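Working notes for the structure below.
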Amino acid sequence: MKNNLLTLSLYIFILTSAVTGFALDLPAESTVPGGVAIISIQTLDKPNAFFYEKKVMVLGSSNNWKAIVGIPLSAKPGIHNLQVKSEGIETNYKFEVANKDYETQYLTIKNKRKVNPNEQDMTRIIKEKKLISKAKSHWSNNEAISLKFIQPAEGPYSSPFGLRRYFNEQPRKPHSGLDIAAPKGAPIVAPANGTVINTGNYFFNGNTVFLDHGQGLITMYCHMDSINIEEGIQVKTGDIIGNVGLTGRVTGAHLHWSVMLNNVTVDPLLFLAQD
Ligand SMILES: [Zn+2]
């Protein structure tokens, strides 16, 4: 009898979790440029949400939806607006983005062409940019998304996300990912279930893999030595996708790992369990 009661209460708990969305695996919230905002939406039907015209991930259940919004590094501190469309009504959900001062990093790259590409390199870069942009803005409808990741490579963090960067004393775009210092050949694993949507050898990023986890959540792995998988393949958390290397614009072997939400790069640390 006692066992039956326990089973029943467990069953009710699971049922309640499913109904209320209690079991959602959400990233840590950080409403700063390069961070993630989590906005609660109470509508009956699943709403469509947009941030600067880009579709935003929405998870949860009726009357308890969560929009998981990637905030661009270029966002100005102040009030920003999430556009929510549901049941024919458009509502603006306002939220505040606080300032964050990212550190500056100065790097010296021996291969000068990787900092000041020649004409031939530029033709290649422009061609590759289109493929990279396409992968970053990929959208697939998936409701079973885990936003709690495992670390894709073993090793200490060598460069955090968001650093303002100078290469050979010339200003370049801020650091769009997290660098993990792992030796050449170390395995790189999928941090969550996903689908391989692009692999390639790119001028700056070297050997690269893009994983789609659903609803605009894309992860990217750069400077790889070897790639073990192909486009279209589904991967599970912990599956090996390749090995750490030093291809592309690098100062040494490491994994550069980027996380994209609604087509903007956000801090990967927000998706890792904090100790
Ligand atoms: Zn990096």
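Residue numbering restarts at 1 in every chain; chains get A, B, ... in the order shown in the structure tokens, and ligands count up from 1 in that same order.
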
Counting only C-alpha atoms and all ligand atoms, what residues are within 9 Å of ligand 1, given as number ranges by chain? A: 158-161, 175-180, 205, 222-223, 250, 254-258

Env of A:Thr247: 7 Å cut, atoms = only C-alpha atoms, seq-sep filter 4 positions within chain, self excluded. Answer as a ChimeraX atom specification. /A:206-207,223-225

Which is closer to A:Ser133 than all the others in A:Gly88, A:Asp25, A:Lys55, A:Asn198, using only C-alpha atoms? A:Asn198

Would you list, as number ranges by chain, the residues of stretch 12-247 of chain A that end up in alpha helix (DSSP H) under DSSP run on this structure's backbone? A: 12-20, 119-136

Extract, using only C-alpha atoms, all DNA, RNA and protein residues at most 12 Å from A:Leu59, discarding same-chain residues fewer than 5 positions from it, and format them as a tab-separated table (two decimals) with C-alpha atoms, in the first residue's frame.
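Result file is selection.tsv:
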chain	number	residue	atom	x	y	z
A	18	ALA	CA	5.42	17.94	-17.36
A	20	THR	CA	4.13	23.17	-15.38
A	21	GLY	CA	7.40	22.84	-17.30
A	22	PHE	CA	9.18	22.41	-13.98
A	23	ALA	CA	11.72	20.12	-15.58
A	24	LEU	CA	13.07	22.64	-18.11
A	25	ASP	CA	16.87	22.68	-18.31
A	26	LEU	CA	17.56	26.38	-18.56
A	38	ILE	CA	14.77	34.34	-19.74
A	39	ILE	CA	11.36	35.94	-20.21
A	40	SER	CA	8.18	34.32	-18.81
A	41	ILE	CA	5.16	34.45	-21.09
A	42	GLN	CA	1.64	33.51	-19.96
A	45	ASP	CA	-0.91	28.67	-27.06
A	46	LYS	CA	2.80	28.62	-27.74
A	47	PRO	CA	3.74	32.17	-28.75
A	48	ASN	CA	6.19	33.29	-31.42
A	49	ALA	CA	8.86	35.58	-29.98
A	64	ASN	CA	4.10	28.90	-18.57
A	65	TRP	CA	6.34	29.64	-21.54
A	66	LYS	CA	9.94	30.79	-21.33
A	67	ALA	CA	11.60	32.75	-24.11
A	68	ILE	CA	15.36	32.13	-24.06
A	69	VAL	CA	16.83	35.28	-25.56
A	141	ASN	CA	11.67	23.06	-34.58
A	142	ASN	CA	12.59	20.92	-31.61
A	143	GLU	CA	10.81	20.95	-28.27
A	144	ALA	CA	13.12	18.57	-26.37
A	145	ILE	CA	16.12	20.84	-25.92
A	146	SER	CA	18.58	20.62	-23.06
A	147	LEU	CA	20.23	23.94	-22.24
A	214	GLY	CA	16.98	23.17	-32.06
A	215	GLN	CA	15.14	26.51	-32.09

Do a neighbour search on A:Tyr102 at 9 Å with only C-alpha atoms, toss out local chain neighbours closer than 5 positions, and write the hits as a PyMOL selection string. chain A and resi 161-164

Write out as a compact mmCIF listing (two decimals) with C-alpha atoms, in the first residue's frame the set of residues from stretch 193-274 of chain A that DSSP, computed on the backbone, places in strand (DSSP E or B).
# COMPACT_ATOMS: atom_id res chain seq x y z
CA GLY A 194 22.12 17.68 -31.73
CA THR A 195 22.49 17.36 -35.49
CA VAL A 196 25.60 18.18 -37.52
CA ILE A 197 24.51 20.96 -39.88
CA ASN A 198 27.88 22.02 -41.31
CA THR A 199 31.53 20.96 -41.36
CA GLY A 200 34.33 22.71 -43.21
CA ASN A 201 37.84 24.07 -43.29
CA TYR A 202 37.66 27.83 -42.91
CA GLY A 206 40.18 26.17 -39.34
CA ASN A 207 38.45 22.77 -39.27
CA THR A 208 35.00 23.53 -37.91
CA VAL A 209 31.81 21.71 -36.90
CA PHE A 210 28.38 23.26 -36.34
CA LEU A 211 25.78 21.43 -34.23
CA ASP A 212 22.10 22.33 -34.25
CA HIS A 213 20.31 21.68 -30.97
CA GLY A 214 16.98 23.17 -32.06
CA LEU A 217 20.55 27.03 -30.44
CA ILE A 218 23.71 26.32 -32.45
CA THR A 219 27.16 25.39 -31.17
CA MET A 220 30.42 25.75 -33.10
CA TYR A 221 33.81 24.00 -32.66
CA CYS A 222 36.88 25.54 -34.30
CA HIS A 223 40.59 24.92 -34.98
CA MET A 224 40.00 21.16 -34.94
CA ASP A 225 42.75 18.74 -35.97
CA SER A 226 40.32 16.18 -37.38
CA ILE A 227 36.56 15.97 -37.82
CA GLN A 234 22.68 13.06 -35.22
CA VAL A 235 24.84 13.11 -32.11
CA ILE A 240 33.07 12.37 -30.06
CA ILE A 241 32.83 14.80 -32.99
CA GLY A 242 36.57 15.28 -33.58
CA ASN A 243 39.89 16.27 -32.03
CA VAL A 244 41.51 19.43 -30.76
CA GLY A 245 43.99 21.03 -33.15
CA HIS A 254 42.95 24.78 -28.20
CA LEU A 255 39.23 24.38 -28.73
CA HIS A 256 37.33 27.54 -29.56
CA TRP A 257 33.70 26.86 -28.62
CA SER A 258 30.85 29.21 -29.56
CA VAL A 259 27.19 29.10 -28.59
CA MET A 260 24.55 30.89 -30.66
CA LEU A 261 20.98 31.79 -29.75
CA VAL A 264 23.92 35.97 -31.75
CA THR A 265 26.90 34.52 -29.91
CA VAL A 266 26.46 34.27 -26.16
CA LEU A 272 27.68 24.75 -18.11

Write out, as a Markdown table, each residue of stretch 120-217 of chain A that has an atom at most 7 Å from stretch 104-110 of chain A, together with the closest pair of atoms and their distance in Å to one decimal, counting only C-alpha atoms, rows going by chain and rising number.
| residue | atom | partner | partner_atom | distance |
| --- | --- | --- | --- | --- |
| A:Leu163 | CA | A:Thr104 | CA | 5.4 |
| A:Arg164 | CA | A:Thr104 | CA | 4.5 |
| A:Arg165 | CA | A:Gln105 | CA | 5.0 |
| A:Tyr166 | CA | A:Tyr106 | CA | 4.8 |
| A:Phe167 | CA | A:Leu107 | CA | 4.9 |
| A:Asn168 | CA | A:Thr108 | CA | 4.8 |
| A:Glu169 | CA | A:Tyr106 | CA | 6.8 |

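Take atom CA of A:Ile150 and atom CA of A:Asn193: the distance between them is 10.6 Å.
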
If you count only C-alpha atoms, which residues fall within 9 Å of A:Asn111, apart from same-chain ones fewer than 3 positions away, as a PyMOL selection string? chain A and resi 114-115+249

Can you measure atom CA of A:Asn63 to atom CA of A:Ser86 for me? One decimal in Å is fine.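 Separating atom CA of A:Asn63 from atom CA of A:Ser86 is a distance of 11.5 Å.
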
When you look at A:Ile71 with a cut-off of 6 Å (counting only C-alpha atoms), what residues show up, excluding the ones that are within fewer than 5 positions of it in the same chain? I need them as a ChimeraX atom specification. /A:33-36

For each of A:Glu231, A:Tyr157, A:Gly216, A:Phe203, take the minimum atom-to-atom distance to A:Gln120, counting only C-alpha atoms, then give the residue where this is smallest.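 Between A:Glu231, A:Tyr157, A:Gly216, A:Phe203, the residue approaching A:Gln120 most closely is A:Phe203.
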
Tell me which of A:Phe204, A:Pro187, A:Lys54, A:Asn99 sits closest to A:Arg124, counting only C-alpha atoms.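 The closest residue to A:Arg124 is A:Phe204.
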